[in-house]
$ cat start28.txt   # compact mmCIF, C-alpha atoms
# COMPACT_ATOMS: atom_id res chain seq x y z
CA MET A 810 0.00 0.00 0.00
CA VAL A 811 1.49 3.33 -1.07
CA GLU A 812 1.78 5.81 1.80
CA TYR A 813 -0.47 8.83 1.40
CA TYR A 814 2.29 11.45 1.36
CA LYS A 815 3.69 9.78 -1.78
CA LYS A 816 0.29 9.93 -3.44
CA TYR A 817 0.01 13.57 -2.41
CA LEU A 818 3.40 14.28 -3.96
CA ILE A 819 2.05 13.02 -7.31
CA GLN A 820 -0.91 15.39 -6.89
CA CYS A 821 1.54 18.25 -6.32
CA LEU A 822 3.45 17.36 -9.49
CA ASN A 823 0.20 17.34 -11.45
CA CYS A 824 -0.70 20.78 -10.11
CA CYS A 825 2.78 22.07 -10.93
CA LEU A 826 2.51 20.94 -14.57
CA LYS A 827 -0.92 22.59 -14.80
CA GLN A 828 0.44 25.66 -12.96
CA GLN A 829 -2.18 25.30 -10.26
CA ARG A 830 -2.08 25.34 -6.46
CA ALA A 831 -1.93 22.04 -4.61
CA PRO A 832 -5.21 20.97 -2.95
CA GLU A 833 -5.74 20.51 0.76
CA PRO A 834 -4.49 17.03 1.76
CA GLU A 835 -7.24 14.50 2.41
CA GLN A 836 -5.20 12.96 5.21
CA GLU A 837 -2.66 14.22 7.71
CA ILE A 838 0.71 14.76 5.98
CA ASP A 839 4.16 14.20 7.42
CA TRP A 840 5.69 17.22 5.68
CA GLN A 841 9.23 16.20 6.55
CA LYS A 842 8.70 12.84 4.81
CA LEU A 843 7.20 14.64 1.83
CA TYR A 844 10.23 16.91 1.58
CA ARG A 845 12.71 14.01 1.85
CA PHE A 846 10.84 11.99 -0.75
CA ALA A 847 10.75 14.97 -3.10
CA ARG A 848 14.53 15.38 -2.65
CA GLN A 849 15.13 11.68 -3.29
CA ASN A 850 13.32 12.00 -6.61
CA GLY A 851 14.72 15.37 -7.66
CA VAL A 852 11.25 17.00 -7.80
CA GLU A 853 11.37 19.30 -4.77
CA THR A 854 11.15 22.37 -7.02
CA ASN A 855 7.94 21.06 -8.61
CA VAL A 856 6.38 20.32 -5.22
CA TYR A 857 7.34 23.77 -3.95
CA LEU A 858 5.82 25.49 -6.99
CA ALA A 859 2.52 23.73 -6.25
CA LEU A 860 2.62 24.59 -2.53
CA LYS A 861 4.32 27.99 -2.35
CA ASP A 862 1.12 30.06 -2.69
CA THR A 863 -0.76 27.99 -0.12
CA ALA A 864 -0.65 28.11 3.67
CA LEU A 865 -0.14 24.35 3.90
CA LEU A 866 3.63 24.12 4.44
CA PRO A 867 4.92 24.37 8.02
CA PRO A 868 7.67 27.05 8.43
CA GLU A 869 10.55 24.54 8.72
CA GLN A 870 9.65 22.67 5.53
CA ARG A 871 8.79 25.90 3.67
CA GLU A 872 12.29 27.16 4.38
CA LYS A 873 13.83 23.92 3.08
CA PHE A 874 11.73 23.96 -0.08
CA GLU A 875 12.49 27.65 -0.68
CA GLN A 876 16.23 27.02 -0.32
CA ALA A 877 16.06 24.06 -2.71
CA TYR A 878 14.15 26.23 -5.21
CA THR A 879 16.65 29.09 -4.95
CA THR A 880 19.57 26.69 -5.41
CA ALA A 881 17.84 25.12 -8.44
CA LEU A 882 17.38 28.54 -10.04
CA GLU A 883 21.05 29.40 -9.47
CA LYS A 884 22.20 26.01 -10.78
CA GLN A 885 20.06 26.22 -13.90
CA ALA A 886 21.18 29.77 -14.71
CA CYS A 887 24.79 28.68 -14.25
CA GLU A 888 24.24 25.59 -16.45
CA ASN A 889 22.63 27.59 -19.25
CA GLU A 890 25.41 30.19 -19.24
CA GLU A 891 28.12 27.54 -19.14
CA LEU A 892 26.46 25.47 -21.86
CA GLU A 893 26.28 28.48 -24.17
CA ARG A 894 29.98 29.13 -23.60
CA LEU A 895 30.98 25.48 -24.18
CA LEU A 896 28.90 25.11 -27.34
CA LYS A 897 30.43 28.26 -28.80
CA GLN A 898 33.85 26.71 -28.26
CA PHE A 899 32.68 23.42 -29.82
CA ARG A 900 31.52 25.35 -32.86
CA ASP A 901 34.66 27.47 -33.02
CA GLY A 902 36.67 24.23 -32.91
CA ASN A 903 34.45 22.52 -35.54
CA ILE A 904 33.49 19.77 -33.09
CA PRO A 905 30.10 18.16 -33.99
CA TYR A 906 27.77 17.51 -31.05
CA MET A 907 24.24 16.55 -30.03
CA LEU A 908 22.52 17.62 -26.79
CA LEU A 909 20.70 14.85 -24.94
CA LYS A 910 18.25 14.04 -22.16
CA GLY A 911 17.27 16.57 -19.48
CA ILE A 912 18.86 19.63 -21.07
CA ILE A 913 16.47 19.09 -24.04
CA THR A 914 13.44 17.72 -22.18
CA ARG A 915 13.24 20.65 -19.75
CA LYS A 916 12.51 23.01 -22.65
CA MET A 917 9.25 21.08 -23.19
CA TYR A 918 7.97 21.87 -19.67
CA PRO A 919 5.79 24.95 -18.98
CA ALA A 920 8.91 26.44 -17.33
CA GLU A 921 12.45 25.05 -17.48
CA ILE A 922 12.82 25.17 -13.70
CA MET A 923 10.18 22.40 -13.49
CA ARG A 924 12.72 19.91 -14.88
CA SER A 925 15.99 19.58 -12.99
CA ALA A 926 18.92 17.86 -14.69
CA ALA A 927 21.66 16.07 -12.76
CA ASP A 928 24.18 17.02 -15.44
CA ILE A 929 24.54 18.29 -18.99
CA ASP A 930 24.55 15.43 -21.50
CA ILE A 931 26.33 15.87 -24.83
CA PHE A 932 27.15 13.27 -27.49
CA TYR A 933 30.36 13.60 -29.50
CA GLN A 934 32.57 11.53 -31.82
CA THR A 935 35.42 9.75 -30.07
CA GLY A 936 37.84 10.92 -32.75
CA TYR A 937 37.59 14.35 -31.11
CA THR A 938 38.43 13.10 -27.60
CA ASP A 939 41.81 14.84 -27.30
CA ARG A 940 40.39 18.17 -28.46
CA VAL A 941 37.34 17.82 -26.18
CA ARG A 942 39.51 17.05 -23.15
CA GLU A 943 41.77 19.99 -23.86
CA LEU A 944 38.72 22.24 -24.17
CA PHE A 945 37.32 21.11 -20.82
CA PHE A 946 40.66 21.36 -19.03
CA ASP A 947 41.12 24.88 -20.43
CA ASN A 948 37.72 25.76 -18.95
CA GLY A 949 38.67 24.62 -15.45
CA TYR A 950 37.03 21.18 -15.41
CA ASN A 951 38.32 18.01 -13.78
CA LEU A 952 37.84 14.64 -15.46
CA LYS A 953 35.89 12.83 -12.76
CA PHE A 954 36.24 9.51 -14.54
CA SER A 955 36.29 8.02 -18.03
CA GLY A 956 33.85 5.17 -18.56
CA ILE A 957 33.03 2.85 -21.43
CA SER A 958 30.09 5.02 -22.55
CA ALA A 959 31.00 8.54 -21.40
CA ASP A 960 33.55 10.86 -19.83
CA PHE A 961 32.37 12.80 -16.78
CA TYR A 962 33.66 16.33 -16.25
CA GLN A 963 33.06 18.44 -13.16
CA LYS A 964 33.53 22.09 -12.23
CA GLN A 965 32.53 23.70 -8.97
CA PRO A 966 30.09 24.77 -7.72
CA TYR A 967 27.34 23.20 -9.87
CA ILE A 968 28.48 22.03 -13.27
CA GLU A 969 28.76 18.39 -14.31
CA VAL A 970 29.00 17.47 -17.98
CA GLU A 971 28.64 13.94 -19.31
CA MET A 972 30.33 13.65 -22.71
CA HIS A 973 28.82 10.57 -24.33
CA LYS A 974 30.85 8.31 -26.59
CA GLN A 975 27.84 6.01 -26.91
CA LEU A 976 24.17 6.81 -26.38
CA LEU A 977 23.57 3.71 -24.26
CA SER A 978 25.83 1.31 -22.44
CA PRO A 979 26.74 -1.66 -24.66
CA LEU A 980 26.65 -3.81 -21.52
CA THR A 981 22.86 -3.64 -21.18
CA LYS A 982 20.37 -5.61 -23.27
CA ILE A 983 18.99 -2.49 -24.90
CA GLY A 984 22.44 -1.03 -25.47
CA LYS A 985 23.32 -4.05 -27.59
CA VAL A 986 20.37 -3.61 -29.97
CA PHE A 987 19.89 0.18 -30.04
CA LYS A 988 21.79 1.24 -33.13
CA TYR A 989 21.56 4.99 -33.63
CA ASN A 990 24.43 7.18 -34.78
CA PRO A 991 23.52 10.85 -34.19
CA PHE A 992 25.86 11.98 -36.95
CA ILE A 993 24.29 9.62 -39.51
CA HIS A 994 20.65 9.43 -38.42
CA GLY A 995 20.36 12.84 -36.79
CA ILE A 996 19.19 16.15 -38.26
CA THR A 997 21.53 19.11 -38.80
CA VAL A 998 21.54 22.39 -40.71
CA ASP A 999 25.23 23.19 -40.42
CA GLY A 1000 27.06 19.89 -39.80
CA LEU A 1001 27.96 20.86 -36.21
CA GLU A 1002 24.82 20.83 -34.06
CA TYR A 1003 22.67 17.72 -34.52
CA THR A 1004 19.20 16.91 -33.20
CA MET A 1005 16.95 13.84 -33.26
CA SER A 1006 13.58 13.59 -34.94
CA ASN A 1007 10.59 13.64 -32.56
CA GLU A 1008 10.18 9.89 -32.94
CA ASP A 1009 13.84 9.05 -32.33
CA TYR A 1010 13.99 11.34 -29.29
CA TYR A 1011 10.91 9.63 -27.87
CA LEU A 1012 12.36 6.18 -28.56
CA PHE A 1013 15.68 7.17 -27.01
CA HIS A 1014 13.84 8.26 -23.86
CA PHE A 1015 12.34 4.77 -23.50
CA CYS A 1016 15.59 3.01 -24.32
CA HIS A 1017 17.33 5.17 -21.73
CA LEU A 1018 14.58 4.36 -19.21
CA ALA A 1019 14.96 0.65 -19.97
CA GLN A 1020 18.71 0.96 -19.43
CA HIS A 1021 18.07 2.44 -15.98
CA PHE A 1022 15.83 -0.51 -15.15
CA TYR A 1023 18.49 -2.94 -16.36
CA ASP A 1024 20.77 -1.14 -13.90
CA SER A 1025 18.83 -0.17 -10.77
CA GLY A 1026 15.39 1.14 -11.67
CA ALA A 1027 14.05 4.67 -12.16
CA GLY A 1028 12.07 7.29 -10.29
CA ILE A 1029 9.08 9.58 -10.77
CA LYS A 1030 10.80 12.16 -12.96
CA PHE A 1031 11.17 9.71 -15.87
CA PHE A 1032 7.40 9.21 -15.97
CA MET A 1033 6.66 12.90 -15.65
CA ASP A 1034 8.91 13.32 -18.69
CA ILE A 1035 6.84 10.74 -20.58
CA ALA A 1036 3.66 12.72 -19.88
CA VAL A 1037 5.26 16.00 -20.98
CA ILE A 1038 6.97 14.58 -24.08
CA ARG A 1039 3.80 12.82 -25.28
CA ASP A 1040 1.84 16.01 -24.78
CA ILE A 1041 4.31 18.18 -26.72
CA LEU A 1042 5.65 16.03 -29.56
CA GLU A 1043 3.69 14.94 -32.60
CA LEU A 1044 4.74 11.36 -33.31
CA ASP A 1045 4.51 8.92 -36.19
CA GLU A 1046 3.01 6.18 -34.03
CA GLU A 1047 3.50 3.47 -36.67
CA TYR A 1048 7.25 4.19 -36.85
CA VAL A 1049 7.49 4.24 -33.05
CA SER A 1050 5.58 0.97 -32.76
CA LEU A 1051 7.81 -0.82 -35.29
CA LYS A 1052 10.98 0.35 -33.54
CA LEU A 1053 9.69 -0.64 -30.09
CA LYS A 1054 8.90 -4.10 -31.45
CA LYS A 1055 12.43 -4.35 -32.86
CA PHE A 1056 13.90 -3.35 -29.48
CA LYS A 1057 11.54 -5.78 -27.68
CA LEU A 1058 10.26 -2.90 -25.59
CA THR A 1059 6.58 -2.85 -26.64
CA LYS A 1060 5.30 -4.27 -23.36
CA PHE A 1061 7.63 -2.07 -21.30
CA HIS A 1062 6.58 1.03 -23.27
CA ASP A 1063 2.88 0.30 -22.83
CA ALA A 1064 3.27 -0.35 -19.09
CA SER A 1065 5.31 2.85 -18.64
CA VAL A 1066 2.85 5.01 -20.60
CA LYS A 1067 -0.03 3.60 -18.55
CA LEU A 1068 1.75 4.58 -15.34
CA ALA A 1069 2.46 8.09 -16.66
CA GLU A 1070 -1.17 8.49 -17.78
CA TYR A 1071 -2.43 7.18 -14.43
CA TRP A 1072 -0.34 9.73 -12.54
CA PHE A 1073 -0.55 12.70 -14.87
CA GLY A 1074 -3.51 12.09 -17.18
CA GLY A 1075 -6.26 10.81 -14.91
CA ALA A 1076 -6.33 7.33 -16.51
CA GLN A 1077 -7.47 4.22 -14.68
CA ALA A 1078 -4.87 1.79 -13.32
CA ASP A 1079 -4.77 -1.95 -13.92
CA GLU A 1080 -2.98 -4.51 -11.74
CA THR A 1081 0.35 -4.08 -13.56
CA THR A 1082 0.16 -0.30 -13.19
CA ILE A 1083 -0.40 -0.59 -9.43
CA THR A 1084 2.56 -2.96 -9.11
CA TYR A 1085 4.68 -0.62 -11.23
CA GLU A 1086 3.65 2.34 -9.07
CA ASP A 1087 4.60 0.49 -5.88
CA TYR A 1088 8.12 -0.16 -7.17
CA VAL A 1089 8.76 3.33 -8.50
CA LEU A 1090 7.44 5.03 -5.35
CA ASP A 1091 9.45 2.72 -3.11
CA TYR A 1092 12.74 4.01 -4.45
CA GLY A 1093 14.52 7.22 -5.45
CA ALA A 1094 15.34 9.06 -8.66
CA TYR A 1095 17.53 6.25 -9.99
CA GLY A 1096 15.93 3.19 -8.47
CA SER A 1097 17.40 1.25 -5.57
CA GLY A 1098 20.32 -0.79 -4.37
CA VAL A 1099 18.03 -3.81 -4.20
CA ILE A 1100 17.31 -3.78 -7.93
CA PHE A 1101 20.95 -2.87 -8.59
CA ASP A 1102 22.02 -6.04 -6.78
CA PHE A 1103 19.26 -8.14 -8.35
CA ASN A 1104 20.60 -7.28 -11.79
CA ARG A 1105 24.11 -8.35 -10.81
CA THR A 1106 23.43 -11.48 -8.74
CA ASN A 1107 22.68 -14.96 -10.04
CA PHE A 1108 21.36 -16.97 -7.12
CA GLY A 1109 22.28 -20.60 -7.41
CA LYS A 1110 24.92 -19.83 -10.04
CA ARG A 1111 27.24 -17.45 -8.24
CA ASN A 1112 27.56 -16.61 -4.58
CA LYS A 1113 25.84 -13.26 -4.01
CA TYR A 1114 28.75 -11.92 -1.92
CA ILE A 1115 31.27 -12.87 -4.61
CA SER A 1116 29.14 -10.97 -7.16
CA ALA A 1117 29.36 -7.86 -5.00
CA VAL A 1118 33.11 -7.96 -4.44
CA PHE A 1119 34.36 -9.52 -7.68
CA PRO A 1120 32.19 -8.29 -10.58
CA SER A 1121 32.59 -9.69 -14.08
CA ALA A 1122 34.87 -8.07 -16.64
CA GLU A 1123 31.78 -6.62 -18.32
CA ARG A 1124 30.72 -4.83 -15.13
CA LEU A 1125 34.26 -3.64 -14.42
CA ALA A 1126 34.47 -2.15 -17.92
CA ILE A 1127 31.80 0.44 -17.02
CA ARG A 1128 34.31 2.25 -14.82
CA TYR A 1129 37.52 0.77 -16.17
CA PRO A 1130 37.20 0.55 -19.98
CA ASP A 1131 40.73 -0.84 -20.28
CA VAL A 1132 39.39 -4.23 -19.10
CA LYS A 1133 37.26 -4.62 -22.23
CA ASP A 1134 40.25 -5.54 -24.39
CA LYS A 1135 42.64 -6.65 -21.64
CA LYS A 1136 40.84 -9.31 -19.59
CA TYR A 1137 44.12 -10.27 -17.90
CA LYS A 1138 43.89 -6.99 -15.95
CA VAL A 1139 40.68 -8.05 -14.15
CA PRO A 1140 42.44 -8.99 -10.84
CA TYR A 1141 44.26 -5.63 -10.84
CA TYR A 1142 40.98 -3.74 -11.28
CA TRP A 1143 39.28 -5.78 -8.57
CA ILE A 1144 41.91 -4.42 -6.21
CA LYS A 1145 41.69 -0.90 -7.63
CA ARG A 1146 37.90 -0.97 -7.34
CA ALA A 1147 38.17 -2.09 -3.71
CA VAL A 1148 40.33 0.98 -3.01
CA ASP A 1149 38.30 3.43 -5.13
CA TYR A 1150 34.88 2.32 -3.88
CA LYS A 1151 35.58 0.86 -0.45
CA GLY A 1152 32.48 2.41 1.15
CA THR A 1153 30.22 1.49 -1.77
CA ILE A 1154 31.33 -2.15 -1.73
CA ARG A 1155 30.80 -2.35 2.03
CA GLN A 1156 27.26 -1.01 1.58
CA ARG A 1157 26.57 -3.46 -1.25
CA LEU A 1158 27.62 -6.38 0.93
CA LYS A 1159 25.31 -5.13 3.65
CA THR A 1160 22.42 -4.73 1.19
CA VAL A 1161 22.96 -8.10 -0.46
CA GLY A 1162 23.23 -9.83 2.89
CA SER A 1163 19.89 -8.48 4.07
CA TYR A 1164 17.89 -9.94 1.16
CA HIS A 1165 16.76 -13.47 0.50
CA HIS A 1166 15.87 -15.46 -2.60
CA LYS A 1167 12.20 -14.51 -2.20
CA ASP A 1168 13.04 -10.79 -2.45
CA TYR A 1169 14.82 -11.34 -5.74
CA ASP A 1170 12.03 -13.62 -6.98
CA LYS A 1171 9.58 -10.78 -6.34
CA ILE A 1172 11.71 -8.38 -8.38
CA LYS A 1173 12.04 -10.99 -11.15
CA ASP A 1174 8.24 -11.29 -11.30
CA PHE A 1175 7.92 -7.49 -11.44
CA TYR A 1176 10.37 -7.27 -14.35
CA ALA A 1177 8.38 -9.92 -16.24
CA LYS A 1178 5.17 -7.94 -15.68
CA ILE A 1179 6.59 -4.79 -17.23
CA GLY A 1180 8.24 -6.64 -20.09
CA LEU A 1181 11.94 -6.53 -19.17
$ encode --input "start28.txt" --output "structure tokens"
Amino acid sequence: MVEYYKKYLIQCLNCCLKQQRAPEPEQEIDWQKLYRFARQNGVETNVYLALKDTALLPPEQREKFEQAYTTALEKQACENEELERLLKQFRDGNIPYMLLKGIITRKMYPAEIMRSAADIDIFYQTGYTDRVRELFFDNGYNLKFSGISADFYQKQPYIEVEMHKQLLSPLTKIGKVFKYNPFIHGITVDGLEYTMSNEDYYLFHFCHLAQHFYDSGAGIKFFMDIAVIRDILELDEEYVSLKLKKFKLTKFHDASVKLAEYWFGGAQADETTITYEDYVLDYGAYGSGVIFDFNRTNFGKRNKYISAVFPSAERLAIRYPDVKDKKYKVPYYWIKRAVDYKGTIRQRLKTVGSYHHKDYDKIKDFYAKIGL
């Protein structure tokens, strides 16, 4: 049974999208829990916009929401200014690029501040890697890490840029079948800035969502995006349907759209939608450690603790791409990973140890229901 404050949060998000005030709660609300849950899902700005002109928020929580809103405004202004500067340098250096994910989707919302983005996502050709790195270093960024799919750059106080070498991780099921080259299939007017068609952007959103579920799950914001994107974009439904069938995502797409329409369109919910809702509302913006471990543990085939401490070469390659072509380095990177992520590994062992076969069986059944 979903706790009422989570249901009320969905109501607040609906009101935010419609630019209306949130209604009086039908039950007593634990406002601190509401705030924490909003933070976990990266939607505290949306909740605040729905509540700010009401007298519902207690002073302590109002102050927290106001601070989060102010910080979000500052971060977004900083991101937009920095992005404009970076793209000018890309263009001056004749470096082709394509903007991705939140930085594009937020322009579809009634106001950009309604859609926070964890980072700025940009796709580029790997042949430009040396020039891209030099550009970022010259602009005061640190290379946080270089993964198999993207390089992550960071600059204080707010800016994180994910420079994608691949649109999706080749280590996930969907990453192995999603074949889209932005510089071949994309749209451009000048050979430098590329965009996707409406249909391909929509499909990419679902493939990206599927990738998150193959990893650890996904939170409310993904489904709010679905509602906004479907409302804004005109789509060739036949093309979309054929591609989803090819990607084996038809069932997942339909289940996800039903959840988005239930939350943000007033549609009725079936049994699968209720199960889907329970899972999404149980976790944060990017799922949970439980699903993360489920997707990496084969009960009966490999000891669950061994899976946590000694991941396969494929899993190691996400953070240490060198392993992909040099499998003999796996033991070295097990040691390096233990040093780099000591706290994370300790937490994973704790999480894995607290769950039983039946917990993983429940998740397996859930995945089957939504078509993954």
$ closest_residue --input "start28.txt" --among "A:Gln898, A:Pro979, A:Tyr1176, A:Gln965" --to "Arg940 in chain A" --atoms "all atoms listed in the file"
A:Gln898
$ atom_distance --input "start28.txt" --atom1 "CA of Phe945 in chain A" --atom2 "CA of Arg894 in chain A"
11.2 Å
$ residues_around --input "start28.txt" --residues "range 877-885 of chain A" --least-positions-apart "6" --cutoff "9 Å" --atoms "only C-alpha atoms" --output "PyMOL selection string"
chain A and resi 848+853-855+857-858+921-922+925-926+966-968
$ write_last_selection --input "start28.txt" --atoms "C-alpha atoms" --output "mmCIF file, keeping the file's coordinate frame"
data_model
loop_
_atom_site.group_PDB
_atom_site.id
_atom_site.type_symbol
_atom_site.label_atom_id
_atom_site.label_comp_id
_atom_site.auth_asym_id
_atom_site.auth_seq_id
_atom_site.Cartn_x
_atom_site.Cartn_y
_atom_site.Cartn_z
ATOM 1 C CA ARG A 848 14.530 15.380 -2.650
ATOM 2 C CA GLU A 853 11.370 19.300 -4.770
ATOM 3 C CA THR A 854 11.150 22.370 -7.020
ATOM 4 C CA ASN A 855 7.940 21.060 -8.610
ATOM 5 C CA TYR A 857 7.340 23.770 -3.950
ATOM 6 C CA LEU A 858 5.820 25.490 -6.990
ATOM 7 C CA GLU A 921 12.450 25.050 -17.480
ATOM 8 C CA ILE A 922 12.820 25.170 -13.700
ATOM 9 C CA SER A 925 15.990 19.580 -12.990
ATOM 10 C CA ALA A 926 18.920 17.860 -14.690
ATOM 11 C CA PRO A 966 30.090 24.770 -7.720
ATOM 12 C CA TYR A 967 27.340 23.200 -9.870
ATOM 13 C CA ILE A 968 28.480 22.030 -13.270
#
$ residues_around --input "start28.txt" --residues "Asp1134 in chain A" --least-positions-apart "5" --cutoff "12 Å" --atoms "all atoms listed in the file" --output "list in words"
Ile957, Ala1122, Glu1123, Leu1125, Ala1126, Tyr1129 and Val1139 of chain A
$ closest_residue --input "start28.txt" --among "A:Ser1025, A:Phe954, A:Leu977, A:Met1033" --to "Cys821 in chain A" --atoms "all atoms listed in the file"
A:Met1033
$ closest_residue --input "start28.txt" --among "A:Trp840, A:Phe1175, A:Tyr933, A:Tyr950" --to "Thr1081 in chain A" --atoms "only C-alpha atoms"
A:Phe1175
$ closest_residue --input "start28.txt" --among "A:Phe1056, A:Phe1031, A:Tyr1141, A:Phe874" --to "Arg924 in chain A" --atoms "only C-alpha atoms"
A:Phe1031
$ residues_around --input "start28.txt" --residues "Gly936 in chain A" --least-positions-apart "6" --cutoff "12 Å" --atoms "all atoms listed in the file" --output "ChimeraX atom specification"
/A:904-905,942,974
$ atom_distance --input "start28.txt" --atom1 "CA of Gln876 in chain A" --atom2 "CA of Lys842 in chain A"
16.9 Å
$ closest_residue --input "start28.txt" --among "A:Tyr937, A:Tyr918, A:Tyr1137, A:Tyr813" --to "Arg1039 in chain A" --atoms "all atoms listed in the file"
A:Tyr918
$ residues_around --input "start28.txt" --residues "Tyr906 in chain A" --least-positions-apart "6" --cutoff "10 Å" --atoms "all atoms listed in the file" --output "JSON, numbers by chain"
{"A": [896, 899, 900, 931, 932, 933, 934, 972, 973, 991, 992, 1000, 1001, 1002, 1003, 1004]}
$ closest_residue --input "start28.txt" --among "A:Lys1052, A:Lys1067, A:Lys953, A:Lys1135" --to "Ile1083 in chain A" --atoms "all atoms listed in the file"
A:Lys1067
$ residues_around --input "start28.txt" --residues "Cys1016 in chain A" --least-positions-apart "2" --cutoff "10 Å" --atoms "only C-alpha atoms" --output "PyMOL selection string"
chain A and resi 976-977+982-984+986-987+1010-1014+1018-1022+1053+1056+1058+1061-1062
